[in-house]
Amino acid sequence: MDITIHSTMLPQEDPDASLAFYRDALGFEVRNDVGYKGMRWITVGPPDQPGTSIVLYPPEATPGITDEERQTIAEMMAKGTYASINLATHDVDGTFEQLQGGDAEVVQEPTDQPYGIRDCAFRDPAGNLVRIQELA
């Protein structure tokens with residue numbers, strides 16, 4: 001079997017703020033930016049990984065969900081408990097310093113975890129948890 005990770009989906013409510021975080025703060029390239037009926041889907045990814053992307057999507061466009069479910073999603077996003085992603089770097093401390101200097105909300109400073117990983121965490125503009133782990 002030949003399966004790879006192509007993309008993952010993260011909700012966003014403010015495409016310009018999300019774009020500024022993922023493109024400007026994290027240094028990801030924009031691969032696609034599509035508008036439809038007043039909504040935007042933005043695909044970003046690391047420049048050196050052209051086959052792996054994050055799609056920043058408007059959660060209200062998800063087909064098949066009810067108004068009650070949309071409300072629950074909005075509440076969870078507001079609390080920062082709806083979605084997350086783990087990223088990796090060779091220098092978690094340097095990455096933390098760069099992101100901390102911007103508008104990113106710090107959740108956790110670089111920490112040596114008891115399970116053997118050094119990482120830090122931020123929230124993106126939509127409240128998604130972005131955990132950055134240091135590569136060995």
# chains A, B, ... in the order shown; residues from 1 in each chain; ligands from 1
>>> residues_around(residues="stretch 126-131 of chain A", least_positions_apart="2", cutoff="9 Å", atoms="only C-alpha atoms", output="number ranges by chain")
A: 10-14, 17-18, 76-88, 105, 107-108, 119-124, 133
>>> residues_around(residues="stretch 1-6 of chain A", least_positions_apart="3", cutoff="8 Å", atoms="only C-alpha atoms", output="PyMOL selection string")
chain A and resi 51-53
>>> closest_residue(among="A:Gln113, A:Phe21, A:Gly45, A:Ser7", to="A:Gln98", atoms="only C-alpha atoms")
A:Phe21
>>> atom_distance(atom1="atom CA of A:Val106", atom2="atom CA of A:Ile132")
11.5 Å
>>> residues_around(residues="A:Leu26", least_positions_apart="3", cutoff="10 Å", atoms="only C-alpha atoms", output="list in words")
Leu19, Ala20, Phe21, Tyr22, Arg23, Glu29, Gly45, Pro46, Thr95, Gln98 and Leu99 of chain A
>>> write_last_selection(atoms="N, CA and C atoms", output="tab-separated table (two decimals), in the first residue's frame")
chain	number	residue	atom	x	y	z
A	19	LEU	N	-4.29	33.52	7.55
A	19	LEU	CA	-3.25	33.63	6.53
A	19	LEU	C	-2.01	34.30	7.11
A	20	ALA	N	-2.19	35.36	7.88
A	20	ALA	CA	-1.06	36.05	8.49
A	20	ALA	C	-0.30	35.12	9.44
A	21	PHE	N	-1.01	34.28	10.19
A	21	PHE	CA	-0.34	33.37	11.12
A	21	PHE	C	0.42	32.28	10.38
A	22	TYR	N	-0.24	31.59	9.47
A	22	TYR	CA	0.40	30.44	8.82
A	22	TYR	C	1.43	30.85	7.77
A	23	ARG	N	1.17	31.92	7.05
A	23	ARG	CA	2.12	32.37	6.03
A	23	ARG	C	3.22	33.22	6.64
A	29	GLU	N	3.96	28.44	2.72
A	29	GLU	CA	3.58	29.03	1.45
A	29	GLU	C	2.09	28.82	1.21
A	45	GLY	N	1.28	25.29	3.33
A	45	GLY	CA	2.16	24.19	3.70
A	45	GLY	C	3.61	24.62	3.71
A	46	PRO	N	4.46	23.80	4.32
A	46	PRO	CA	5.89	24.11	4.36
A	46	PRO	C	6.47	24.08	2.95
A	95	THR	N	12.21	28.73	17.40
A	95	THR	CA	10.88	28.90	16.81
A	95	THR	C	9.95	29.59	17.80
A	98	GLN	N	10.67	33.32	17.93
A	98	GLN	CA	10.15	34.03	16.75
A	98	GLN	C	8.64	34.21	16.84
A	99	LEU	N	7.92	33.16	17.21
A	99	LEU	CA	6.46	33.24	17.27
A	99	LEU	C	5.99	34.10	18.43
>>> closest_residue(among="A:Glu60, A:Asp112, A:Glu134, A:Glu68", to="A:Gly94", atoms="only C-alpha atoms")
A:Glu134
>>> closest_residue(among="A:Arg118, A:Arg70, A:Arg40, A:His90", to="A:Asp16", atoms="only C-alpha atoms")
A:Arg40
>>> select_by_dssp(residues="chain A", states="strand (DSSP E)", output="number ranges by chain")
A: 7-11, 29-36, 39-45, 53-57, 84-89, 105-112, 118-123, 129-134
>>> atom_distance(atom1="atom CA of A:Gly27", atom2="atom CA of A:Pro59")
23.9 Å
>>> select_by_dssp(residues="chain A", states="helix (DSSP H, G or I)", output="VMD selection string")
chain A and resid 15 to 25 59 to 61 67 to 79 92 to 100
>>> write_last_selection(atoms="C-alpha atoms", output="mmCIF file, in the first residue's frame")
data_model
loop_
_atom_site.group_PDB
_atom_site.id
_atom_site.type_symbol
_atom_site.label_atom_id
_atom_site.label_comp_id
_atom_site.auth_asym_id
_atom_site.auth_seq_id
_atom_site.Cartn_x
_atom_site.Cartn_y
_atom_site.Cartn_z
ATOM 1 C CA PRO A 15 -9.129 34.060 6.685
ATOM 2 C CA ASP A 16 -6.871 37.122 6.746
ATOM 3 C CA ALA A 17 -5.780 36.516 10.354
ATOM 4 C CA SER A 18 -5.227 32.804 9.654
ATOM 5 C CA LEU A 19 -3.252 33.634 6.534
ATOM 6 C CA ALA A 20 -1.056 36.053 8.492
ATOM 7 C CA PHE A 21 -0.344 33.372 11.121
ATOM 8 C CA TYR A 22 0.397 30.442 8.823
ATOM 9 C CA ARG A 23 2.124 32.367 6.033
ATOM 10 C CA ASP A 24 3.811 35.241 7.837
ATOM 11 C CA ALA A 25 4.494 33.815 11.312
ATOM 12 C CA PRO A 59 -16.541 25.427 9.445
ATOM 13 C CA GLU A 60 -19.966 26.769 8.528
ATOM 14 C CA ALA A 61 -19.477 25.304 5.048
ATOM 15 C CA ASP A 67 -27.383 24.507 13.153
ATOM 16 C CA GLU A 68 -26.988 23.067 16.660
ATOM 17 C CA GLU A 69 -23.737 21.367 15.636
ATOM 18 C CA ARG A 70 -22.496 24.595 14.047
ATOM 19 C CA GLN A 71 -23.188 26.381 17.331
ATOM 20 C CA THR A 72 -21.280 23.702 19.268
ATOM 21 C CA ILE A 73 -18.330 24.021 16.883
ATOM 22 C CA ALA A 74 -18.338 27.814 17.290
ATOM 23 C CA GLU A 75 -18.370 27.449 21.080
ATOM 24 C CA MET A 76 -15.546 24.912 21.049
ATOM 25 C CA MET A 77 -13.465 27.069 18.694
ATOM 26 C CA ALA A 78 -13.971 30.051 21.007
ATOM 27 C CA LYS A 79 -12.611 27.968 23.913
ATOM 28 C CA VAL A 92 11.886 24.589 19.243
ATOM 29 C CA ASP A 93 13.409 27.355 21.384
ATOM 30 C CA GLY A 94 14.287 29.510 18.368
ATOM 31 C CA THR A 95 10.884 28.895 16.810
ATOM 32 C CA PHE A 96 9.191 29.809 20.093
ATOM 33 C CA GLU A 97 11.134 33.086 20.301
ATOM 34 C CA GLN A 98 10.151 34.034 16.751
ATOM 35 C CA LEU A 99 6.458 33.243 17.273
ATOM 36 C CA GLN A 100 6.317 34.824 20.708
#
>>> atom_distance(atom1="atom CA of A:Tyr57", atom2="atom CA of A:Asn32")
11.6 Å
